[in-house]
Amino acid sequence: MTPTFGLIIVGDEILSGKRSDKHLPKVIELLAQRGLSLSWMRLVGDNRERITGALREAFASGDAVFCCGGIGATPDDHTRQCAAAALGADLALHPEAKLLIEARMRDLAAERGEVFDPERADNVHRFNMGVFPVGARIIPNPYNRIPGFSCDGPGGGRVHFLPGFPVMAWPMIEGVLDTEYAHCRRQDAWLERSVIVFGAMEATLTPLMEQIERDHPVKVFSLPSVDHPEFGRHIELGVKGEAVAVGRAYVELLAGLALHGAQLGPEMVRS
């Protein structure tokens with residue numbers, strides 16, 4: 001079965017405005033490329049209690065969740081510790097992560113013309129980036145080898161932990177989607193069809209929207225606008241789902257709008 005996909009973004013820098021989030025639109029794009037969609041997202045600051053709470057809910061949800069940020073080894077990185085707390089698990093240096101981190105450190109030493117010293121204080125500290133909840137699985141990082149990790153929760157939720165850096169996180173997300181969720185890729189195109197409706201109120205059209213959702217396996221959406229630069233006050237009303245179902249539901253939507261005497265504008269198709 002196709003899971004519900006969620007996204008957790010961790011970091012004070014987003015909430016303070018120092019950085020703008022780029023993960024949300026990219027994750028939506030990566031899922032859409034595979035005929036999938038994002039159902040929810042949550043933004044959490046660098047607070048252990050809040051991160052742990054968010055992860056505990058994710059592990060209990062049964063959802064597939066990407067969690068970006070806070071898996072480094074500096075004092076403001078808490079996600080690895082919070083994952084362990086949410087699972088009630090111990091933390092330990094993952095043996096595969098240790099090898100990957102050591103390989104990265106050897107490369108850096110060679111680039112600087114130095115002899116790699118595994119006992120040097122900064123090198124010892126870097127191994128903390130491979131300390132994961134016991135039972136975690138590695139997520140390969142093609143950018144610099146420093147891995148992420150995945151954990152399964154008691155409620156069926158599966159959380160994939162990734163760095164906050166987009167250049168690392170995005171190819172890692174693609175790798176997870178194309179391995180663990182390859183079977184979820186939709187063969188039938190996911191389609192969205194909508195029409196601009198003038199001079200109507202959402203409350204008046206709600207019974208029509210509810211009827212369409214009862215009769216067809218689609219989602220109906222209504223996006224009102226009061227100051228659109230081109231259309232002014234209007235409602236974008238549409239349906240989304242598998243292409244065949246959308247086609248049938250959209251015909252019924254237009255027929256229902258005609259019965260309401262609604263004034264219609266441009267139609268839109270997104271896939």
# chains A, B, ... in the order shown; residues from 1 in each chain; ligands from 1
call {"tool": "residues_around", "arguments": {"residues": "Pro266 (chain A)", "least_positions_apart": "6", "cutoff": "12 Å", "atoms": "only C-alpha atoms", "output": "number ranges by chain"}}
result
A: 193-198, 230-231, 234-238
call {"tool": "write_last_selection", "arguments": {"atoms": "N, CA, C and O atoms", "output": "compact mmCIF listing (two decimals), in the first residue's frame"}}
result
# COMPACT_ATOMS: atom_id res chain seq x y z
N ARG A 193 -7.51 18.94 -11.98
CA ARG A 193 -8.25 19.79 -12.93
C ARG A 193 -9.11 20.75 -12.13
O ARG A 193 -9.76 20.38 -11.15
N SER A 194 -9.10 22.00 -12.55
CA SER A 194 -9.86 23.01 -11.81
C SER A 194 -10.38 24.07 -12.76
O SER A 194 -9.97 24.17 -13.92
N VAL A 195 -11.29 24.88 -12.22
CA VAL A 195 -11.90 25.96 -13.00
C VAL A 195 -12.07 27.18 -12.10
O VAL A 195 -12.30 27.04 -10.89
N ILE A 196 -11.93 28.35 -12.67
CA ILE A 196 -12.16 29.59 -11.94
C ILE A 196 -13.66 29.87 -11.92
O ILE A 196 -14.33 29.86 -12.97
N VAL A 197 -14.19 30.10 -10.72
CA VAL A 197 -15.63 30.34 -10.54
C VAL A 197 -15.82 31.75 -9.99
O VAL A 197 -15.26 32.10 -8.95
N PHE A 198 -16.62 32.55 -10.70
CA PHE A 198 -16.90 33.92 -10.27
C PHE A 198 -18.29 34.00 -9.63
O PHE A 198 -19.20 33.26 -10.01
N GLU A 230 -5.41 39.16 -11.60
CA GLU A 230 -6.04 38.96 -12.91
C GLU A 230 -7.53 38.67 -12.78
O GLU A 230 -8.35 39.22 -13.53
N PHE A 231 -7.91 37.81 -11.83
CA PHE A 231 -9.30 37.36 -11.74
C PHE A 231 -10.10 38.06 -10.65
O PHE A 231 -11.31 37.89 -10.57
N HIS A 234 -12.66 35.44 -6.58
CA HIS A 234 -13.08 34.22 -7.27
C HIS A 234 -12.78 33.01 -6.40
O HIS A 234 -12.17 33.13 -5.33
N ILE A 235 -13.20 31.85 -6.87
CA ILE A 235 -12.86 30.57 -6.25
C ILE A 235 -12.26 29.68 -7.33
O ILE A 235 -12.82 29.57 -8.43
N GLU A 236 -11.09 29.09 -7.05
CA GLU A 236 -10.59 28.03 -7.92
C GLU A 236 -11.10 26.72 -7.34
O GLU A 236 -10.72 26.32 -6.25
N LEU A 237 -11.97 26.06 -8.09
CA LEU A 237 -12.62 24.84 -7.63
C LEU A 237 -12.17 23.69 -8.51
O LEU A 237 -12.17 23.79 -9.74
N GLY A 238 -11.74 22.58 -7.89
CA GLY A 238 -11.23 21.50 -8.71
C GLY A 238 -11.21 20.16 -8.00
O GLY A 238 -11.62 20.03 -6.85
call {"tool": "closest_residue", "arguments": {"among": "A:Arg19, A:Arg34, A:His125, A:Arg104", "to": "Asp178 (chain A)", "atoms": "only C-alpha atoms"}}
result
A:Arg34
call {"tool": "residues_around", "arguments": {"residues": "Thr52 (chain A)", "least_positions_apart": "2", "cutoff": "8 Å", "atoms": "only C-alpha atoms", "output": "mmCIF file with N, CA, C and O atoms, in the first residue's frame"}}
result
data_model
loop_
_atom_site.group_PDB
_atom_site.id
_atom_site.type_symbol
_atom_site.label_atom_id
_atom_site.label_comp_id
_atom_site.auth_asym_id
_atom_site.auth_seq_id
_atom_site.Cartn_x
_atom_site.Cartn_y
_atom_site.Cartn_z
ATOM 1 N N ARG A 48 14.712 20.175 22.333
ATOM 2 C CA ARG A 48 14.678 18.713 22.430
ATOM 3 C C ARG A 48 13.284 18.177 22.743
ATOM 4 O O ARG A 48 12.863 17.165 22.178
ATOM 5 N N GLU A 49 12.586 18.835 23.637
ATOM 6 C CA GLU A 49 11.256 18.342 24.014
ATOM 7 C C GLU A 49 10.307 18.362 22.827
ATOM 8 O O GLU A 49 9.568 17.395 22.579
ATOM 9 N N ARG A 50 10.327 19.458 22.064
ATOM 10 C CA ARG A 50 9.424 19.571 20.915
ATOM 11 C C ARG A 50 9.822 18.605 19.793
ATOM 12 O O ARG A 50 8.964 18.000 19.150
ATOM 13 N N ALA A 54 7.477 15.614 18.341
ATOM 14 C CA ALA A 54 7.133 15.500 16.920
ATOM 15 C C ALA A 54 7.527 14.137 16.368
ATOM 16 O O ALA A 54 6.784 13.516 15.598
ATOM 17 N N LEU A 55 8.700 13.643 16.769
ATOM 18 C CA LEU A 55 9.151 12.344 16.281
ATOM 19 C C LEU A 55 8.340 11.207 16.884
ATOM 20 O O LEU A 55 8.037 10.219 16.202
ATOM 21 N N ARG A 56 7.967 11.336 18.146
ATOM 22 C CA ARG A 56 7.137 10.293 18.763
ATOM 23 C C ARG A 56 5.807 10.161 18.000
ATOM 24 O O ARG A 56 5.333 9.045 17.743
ATOM 25 N N THR A 79 18.669 16.139 16.888
ATOM 26 C CA THR A 79 17.710 15.214 16.286
ATOM 27 C C THR A 79 18.052 13.754 16.550
ATOM 28 O O THR A 79 17.166 12.933 16.798
ATOM 29 N N CYS A 82 17.018 12.968 20.037
ATOM 30 C CA CYS A 82 15.565 12.993 20.170
ATOM 31 C C CYS A 82 14.926 11.767 19.520
ATOM 32 O O CYS A 82 13.912 11.257 20.010
ATOM 33 N N ALA A 83 15.510 11.298 18.427
ATOM 34 C CA ALA A 83 15.005 10.080 17.798
ATOM 35 C C ALA A 83 15.119 8.901 18.753
ATOM 36 O O ALA A 83 14.184 8.093 18.891
ATOM 37 N N ALA A 85 15.250 9.060 22.027
ATOM 38 C CA ALA A 85 14.305 9.267 23.122
ATOM 39 C C ALA A 85 12.887 8.913 22.708
ATOM 40 O O ALA A 85 12.128 8.302 23.478
ATOM 41 N N ALA A 86 12.509 9.305 21.486
ATOM 42 C CA ALA A 86 11.158 9.010 21.007
ATOM 43 C C ALA A 86 10.922 7.515 20.855
ATOM 44 O O ALA A 86 9.793 7.025 21.018
#
call {"tool": "residues_around", "arguments": {"residues": "region 163-169 of chain A", "least_positions_apart": "3", "cutoff": "7 Å", "atoms": "only C-alpha atoms", "output": "mmCIF file with all heavy atoms, in the first residue's frame"}}
result
data_model
loop_
_atom_site.group_PDB
_atom_site.id
_atom_site.type_symbol
_atom_site.label_atom_id
_atom_site.label_comp_id
_atom_site.auth_asym_id
_atom_site.auth_seq_id
_atom_site.Cartn_x
_atom_site.Cartn_y
_atom_site.Cartn_z
ATOM 1 N N HIS A 23 13.191 22.954 1.652
ATOM 2 C CA HIS A 23 12.868 21.528 1.606
ATOM 3 C C HIS A 23 11.417 21.260 1.186
ATOM 4 O O HIS A 23 11.159 20.323 0.434
ATOM 5 C CB HIS A 23 13.127 20.884 2.963
ATOM 6 C CG HIS A 23 14.576 20.828 3.336
ATOM 7 N ND1 HIS A 23 15.527 20.228 2.545
ATOM 8 C CD2 HIS A 23 15.240 21.310 4.426
ATOM 9 C CE1 HIS A 23 16.712 20.326 3.125
ATOM 10 N NE2 HIS A 23 16.567 20.985 4.257
ATOM 11 N N CYS A 68 14.409 16.598 8.148
ATOM 12 C CA CYS A 68 15.601 17.292 7.665
ATOM 13 C C CYS A 68 16.145 18.223 8.740
ATOM 14 O O CYS A 68 15.429 19.100 9.228
ATOM 15 C CB CYS A 68 15.266 18.109 6.414
ATOM 16 S SG CYS A 68 14.670 17.143 5.017
ATOM 17 N N GLY A 69 17.423 18.025 9.097
ATOM 18 C CA GLY A 69 18.087 18.957 9.985
ATOM 19 C C GLY A 69 18.411 18.386 11.353
ATOM 20 O O GLY A 69 17.725 17.498 11.869
ATOM 21 N N GLY A 70 19.490 18.883 11.942
ATOM 22 C CA GLY A 70 19.824 18.586 13.321
ATOM 23 C C GLY A 70 20.511 17.263 13.563
ATOM 24 O O GLY A 70 20.573 16.808 14.709
ATOM 25 N N ILE A 71 21.081 16.623 12.514
ATOM 26 C CA ILE A 71 21.739 15.338 12.745
ATOM 27 C C ILE A 71 23.266 15.472 12.767
ATOM 28 O O ILE A 71 23.980 14.476 12.700
ATOM 29 C CB ILE A 71 21.305 14.275 11.717
ATOM 30 C CG1 ILE A 71 21.760 14.629 10.291
ATOM 31 C CG2 ILE A 71 19.817 14.047 11.781
ATOM 32 C CD1 ILE A 71 21.559 13.484 9.296
ATOM 33 N N ASN A 141 24.889 8.955 1.570
ATOM 34 C CA ASN A 141 25.010 10.373 1.230
ATOM 35 C C ASN A 141 26.018 10.498 0.086
ATOM 36 O O ASN A 141 27.224 10.425 0.307
ATOM 37 C CB ASN A 141 25.490 11.151 2.453
ATOM 38 C CG ASN A 141 25.657 12.642 2.196
ATOM 39 O OD1 ASN A 141 25.653 13.087 1.053
ATOM 40 N ND2 ASN A 141 25.824 13.416 3.265
ATOM 41 N N TYR A 143 26.993 12.996 -1.493
ATOM 42 C CA TYR A 143 27.737 14.258 -1.532
ATOM 43 C C TYR A 143 29.067 14.151 -0.793
ATOM 44 O O TYR A 143 30.114 14.534 -1.318
ATOM 45 C CB TYR A 143 26.889 15.380 -0.933
ATOM 46 C CG TYR A 143 27.567 16.733 -0.983
ATOM 47 C CD1 TYR A 143 27.559 17.486 -2.152
ATOM 48 C CD2 TYR A 143 28.211 17.255 0.137
ATOM 49 C CE1 TYR A 143 28.181 18.723 -2.209
ATOM 50 C CE2 TYR A 143 28.831 18.490 0.099
ATOM 51 C CZ TYR A 143 28.814 19.215 -1.084
ATOM 52 O OH TYR A 143 29.432 20.453 -1.128
ATOM 53 N N GLY A 148 22.900 9.559 6.529
ATOM 54 C CA GLY A 148 21.714 9.748 7.340
ATOM 55 C C GLY A 148 21.281 8.381 7.845
ATOM 56 O O GLY A 148 21.996 7.392 7.699
ATOM 57 N N MET A 172 19.581 12.303 -1.220
ATOM 58 C CA MET A 172 19.329 11.226 -0.263
ATOM 59 C C MET A 172 17.841 10.879 -0.222
ATOM 60 O O MET A 172 17.458 9.700 -0.142
ATOM 61 C CB MET A 172 19.839 11.630 1.123
ATOM 62 C CG MET A 172 21.355 11.778 1.182
ATOM 63 S SD MET A 172 21.971 12.574 2.693
ATOM 64 C CE MET A 172 21.783 11.242 3.875
ATOM 65 N N ILE A 173 16.977 11.888 -0.290
ATOM 66 C CA ILE A 173 15.529 11.637 -0.344
ATOM 67 C C ILE A 173 15.177 10.867 -1.606
ATOM 68 O O ILE A 173 14.391 9.908 -1.575
ATOM 69 C CB ILE A 173 14.750 12.967 -0.275
ATOM 70 C CG1 ILE A 173 14.903 13.591 1.115
ATOM 71 C CG2 ILE A 173 13.273 12.745 -0.595
ATOM 72 C CD1 ILE A 173 14.330 14.988 1.224
#
call {"tool": "select_by_dssp", "arguments": {"residues": "region 213-264 of chain A", "states": "alpha helix (DSSP H)", "output": "PyMOL selection string"}}
result
chain A and resi 213-215+243-259
